[in-house]
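Everything below belongs to my_file-v3.pdb, which stores PDB, C-alpha atoms, pLDDT in the B column.
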MODEL        1
ATOM      1  CA  MET A   1     -92.639  -1.207  -9.749  1.00 78.00           C
ATOM      2  CA  LYS A   2     -92.310   2.423 -10.828  1.00 82.00           C
ATOM      3  CA  LYS A   3     -92.425   3.834  -7.297  1.00 86.00           C
ATOM      4  CA  PRO A   4     -89.659   1.591  -5.869  1.00 86.00           C
ATOM      5  CA  LEU A   5     -87.484   2.244  -8.916  1.00 90.00           C
ATOM      6  CA  SER A   6     -87.995   6.012  -8.578  1.00 88.00           C
ATOM      7  CA  LEU A   7     -87.043   5.878  -4.908  1.00 88.00           C
ATOM      8  CA  ILE A   8     -83.923   3.834  -5.632  1.00 89.00           C
ATOM      9  CA  ILE A   9     -82.764   6.269  -8.295  1.00 90.00           C
ATOM     10  CA  ASP A  10     -83.582   9.436  -6.342  1.00 85.00           C
ATOM     11  CA  LYS A  11     -82.106   8.219  -3.022  1.00 89.00           C
ATOM     12  CA  LEU A  12     -79.206   5.875  -3.812  1.00 91.00           C
ATOM     13  CA  TYR A  13     -77.999   7.579  -6.978  1.00 92.00           C
ATOM     14  CA  LYS A  14     -78.709  11.203  -6.041  1.00 91.00           C
ATOM     15  CA  LYS A  15     -75.021  12.171  -5.924  1.00 92.00           C
ATOM     16  CA  GLU A  16     -74.340  10.528  -9.270  1.00 90.00           C
ATOM     17  CA  LEU A  17     -77.259  12.378 -10.850  1.00 88.00           C
ATOM     18  CA  GLU A  18     -75.967  15.692  -9.510  1.00 87.00           C
ATOM     19  CA  LEU A  19     -72.438  14.980 -10.741  1.00 86.00           C
ATOM     20  CA  LEU A  20     -73.661  14.038 -14.202  1.00 85.00           C
ATOM     21  CA  TYR A  21     -76.404  16.619 -14.732  1.00 84.00           C
ATOM     22  CA  GLY A  22     -76.153  19.272 -12.021  1.00 83.00           C
ATOM     23  CA  GLU A  23     -77.863  20.006  -8.742  1.00 86.00           C
ATOM     24  CA  GLY A  24     -81.631  19.609  -8.709  1.00 84.00           C
ATOM     25  CA  THR A  25     -81.711  16.964 -11.434  1.00 86.00           C
ATOM     26  CA  GLN A  26     -84.454  14.378 -11.021  1.00 86.00           C
ATOM     27  CA  VAL A  27     -85.759  11.316 -12.802  1.00 89.00           C
ATOM     28  CA  LYS A  28     -89.462  10.591 -13.107  1.00 90.00           C
ATOM     29  CA  ILE A  29     -90.474   7.054 -14.018  1.00 92.00           C
ATOM     30  CA  ASN A  30     -93.704   7.202 -16.023  1.00 93.00           C
ATOM     31  CA  HIS A  31     -94.262   3.503 -16.677  1.00 92.00           C
ATOM     32  CA  VAL A  32     -92.640   0.145 -16.080  1.00 93.00           C
ATOM     33  CA  THR A  33     -94.393  -2.407 -18.252  1.00 94.00           C
ATOM     34  CA  TYR A  34     -93.698  -5.939 -19.343  1.00 94.00           C
ATOM     35  CA  SER A  35     -93.685  -6.483 -23.093  1.00 93.00           C
ATOM     36  CA  THR A  36     -94.866  -9.942 -24.057  1.00 93.00           C
ATOM     37  CA  ASN A  37     -93.504  -9.438 -27.565  1.00 93.00           C
ATOM     38  CA  LYS A  38     -89.989  -8.561 -26.404  1.00 89.00           C
ATOM     39  CA  LYS A  39     -90.168 -10.772 -23.285  1.00 92.00           C
ATOM     40  CA  ASN A  40     -88.648  -7.914 -21.335  1.00 93.00           C
ATOM     41  CA  TYR A  41     -89.501  -4.868 -19.235  1.00 94.00           C
ATOM     42  CA  ILE A  42     -89.798  -1.418 -20.771  1.00 94.00           C
ATOM     43  CA  ILE A  43     -89.039   1.617 -18.621  1.00 94.00           C
ATOM     44  CA  ASP A  44     -90.435   4.971 -19.754  1.00 94.00           C
ATOM     45  CA  CYS A  45     -88.813   7.863 -17.904  1.00 92.00           C
ATOM     46  CA  VAL A  46     -88.114  11.582 -18.091  1.00 90.00           C
ATOM     47  CA  LEU A  47     -84.837  13.181 -17.056  1.00 88.00           C
ATOM     48  CA  TYR A  48     -85.355  16.665 -15.601  1.00 88.00           C
ATOM     49  CA  VAL A  49     -82.048  18.510 -16.067  1.00 84.00           C
ATOM     50  CA  ALA A  50     -81.139  21.730 -14.299  1.00 76.00           C
ATOM     51  CA  ASP A  51     -77.790  22.403 -16.030  1.00 74.00           C
ATOM     52  CA  LEU A  52     -77.610  21.919 -19.800  1.00 77.00           C
ATOM     53  CA  SER A  53     -73.852  22.448 -19.991  1.00 75.00           C
ATOM     54  CA  LEU A  54     -73.279  19.208 -18.064  1.00 71.00           C
ATOM     55  CA  PHE A  55     -75.878  17.401 -20.172  1.00 72.00           C
ATOM     56  CA  GLN A  56     -73.956  18.125 -23.372  1.00 71.00           C
ATOM     57  CA  GLU A  57     -71.061  16.025 -22.100  1.00 68.00           C
ATOM     58  CA  THR A  58     -72.900  12.961 -20.776  1.00 69.00           C
ATOM     59  CA  GLN A  59     -76.204  13.165 -22.656  1.00 77.00           C
ATOM     60  CA  LEU A  60     -78.512  10.221 -21.921  1.00 78.00           C
ATOM     61  CA  ASP A  61     -75.764   7.633 -21.433  1.00 82.00           C
ATOM     62  CA  GLY A  62     -75.428   8.528 -17.769  1.00 84.00           C
ATOM     63  CA  ILE A  63     -79.096   8.089 -16.925  1.00 86.00           C
ATOM     64  CA  ASN A  64     -79.262   4.835 -18.857  1.00 87.00           C
ATOM     65  CA  TYR A  65     -76.365   3.534 -16.767  1.00 89.00           C
ATOM     66  CA  ILE A  66     -77.976   4.658 -13.499  1.00 91.00           C
ATOM     67  CA  ILE A  67     -81.295   3.012 -14.384  1.00 90.00           C
ATOM     68  CA  GLU A  68     -79.577  -0.244 -15.355  1.00 89.00           C
ATOM     69  CA  GLU A  69     -77.615  -0.221 -12.076  1.00 90.00           C
ATOM     70  CA  SER A  70     -80.708   0.514  -9.982  1.00 91.00           C
ATOM     71  CA  TRP A  71     -82.628  -2.254 -11.776  1.00 90.00           C
ATOM     72  CA  ILE A  72     -80.504  -4.803  -9.862  1.00 89.00           C
ATOM     73  CA  TYR A  73     -82.233  -3.781  -6.610  1.00 88.00           C
ATOM     74  CA  THR A  74     -85.705  -4.588  -7.972  1.00 87.00           C
ATOM     75  CA  GLY A  75     -85.094  -8.328  -7.852  1.00 86.00           C
ATOM     76  CA  LEU A  76     -85.483  -8.663 -11.628  1.00 87.00           C
ATOM     77  CA  LYS A  77     -81.784  -8.710 -12.457  1.00 81.00           C
ATOM     78  CA  ASP A  78     -82.277 -11.523 -14.990  1.00 87.00           C
ATOM     79  CA  TYR A  79     -83.927  -9.003 -17.303  1.00 88.00           C
ATOM     80  CA  LYS A  80     -82.092  -6.121 -18.940  1.00 87.00           C
ATOM     81  CA  PRO A  81     -84.736  -3.391 -19.244  1.00 90.00           C
ATOM     82  CA  LEU A  82     -85.391  -1.528 -22.464  1.00 92.00           C
ATOM     83  CA  LEU A  83     -85.268   2.215 -21.852  1.00 91.00           C
ATOM     84  CA  LEU A  84     -87.356   5.026 -23.297  1.00 89.00           C
ATOM     85  CA  THR A  85     -85.721   8.169 -21.960  1.00 85.00           C
ATOM     86  CA  ARG A  86     -86.732  11.776 -22.607  1.00 85.00           C
ATOM     87  CA  LEU A  87     -85.185  15.046 -21.527  1.00 83.00           C
ATOM     88  CA  ASP A  88     -86.832  18.096 -20.035  1.00 84.00           C
ATOM     89  CA  ILE A  89     -85.246  21.312 -18.777  1.00 80.00           C
ATOM     90  CA  ILE A  90     -86.542  22.408 -15.406  1.00 74.00           C
ATOM     91  CA  GLN A  91     -86.861  25.756 -13.750  1.00 60.00           C
ATOM     92  CA  ASP A  92     -88.611  24.273 -10.720  1.00 54.00           C
ATOM     93  CA  LYS A  93     -89.021  20.736  -9.401  1.00 50.00           C
ATOM     94  CA  PRO A  94     -91.311  18.403 -11.391  1.00 50.00           C
ATOM     95  CA  GLN A  95     -94.670  17.570  -9.899  1.00 53.00           C
TER
ENDMDL
END
This entry written out as structure tokens:
Amino acid sequence: MKKPLSLIIDKLYKKELELLYGEGTQVKINHVTYSTNKKNYIIDCVLYVADLSLFQETQLDGINYIIEESWIYTGLKDYKPLLLTRLDIIQDKPQ
């Protein structure tokens, strides 16, 4: 699940990511797990930001919106995923 979600975000929402956080911004999905306690999916991801001045305006709201929108394409639109989002400043592309 994490690989298709990463591809959806990086390909379909690439322009939105660049508008919100600057050119070279990427999202890395670490885990997509199902929580039996919450009866929902939990998405753990890292936002790699190239331009901090743009981040100060949108913060993590933009990436949360993009992940929720891309979740529709996974076929699990009945679930609203719980998001664990972190920020990292990049000099080069993440590995």
Q: Mind checking which residues fall within 10 Å of Tyr79 in chain A, counting all atoms listed in the file, ignoring those fewer than 6 positions away in the same chain, and posting them as an NGL selection string?
A: :A and (39-41 or 68 or 71-72)
Q: Just give me the gap between CA of Gln26 in chain A and CA of Leu7 in chain A in Å, one decimal is fine.
A: 10.8 Å
(Q) Take the PyMOL selection byres ((chain A and resi 61-63) around 9), run it mentally on this structure, and tell me the resulting residues as JSON, numbers by chain. (A) {"A": [16, 17, 20, 21, 27, 47, 58, 59, 60, 64, 65, 66, 67, 68, 85]}
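Relative to CA of Lys3 in chain A, CA of Leu19 in chain A is found at 23.1 Å.
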Q. Can you tell me, as number ranges by chain, which residues sit within 7 Å of (-82.7, 20.6, -15.9) in the file's frame, using all atoms listed in the file?
A. A: 25, 48-52, 88-91
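Applied to the file shown here, the PyMOL selection byres ((chain A and resi 45) around 6) selects Lys28, Ile29, Asn30, Asp44, Val46 and Thr85 of chain A.
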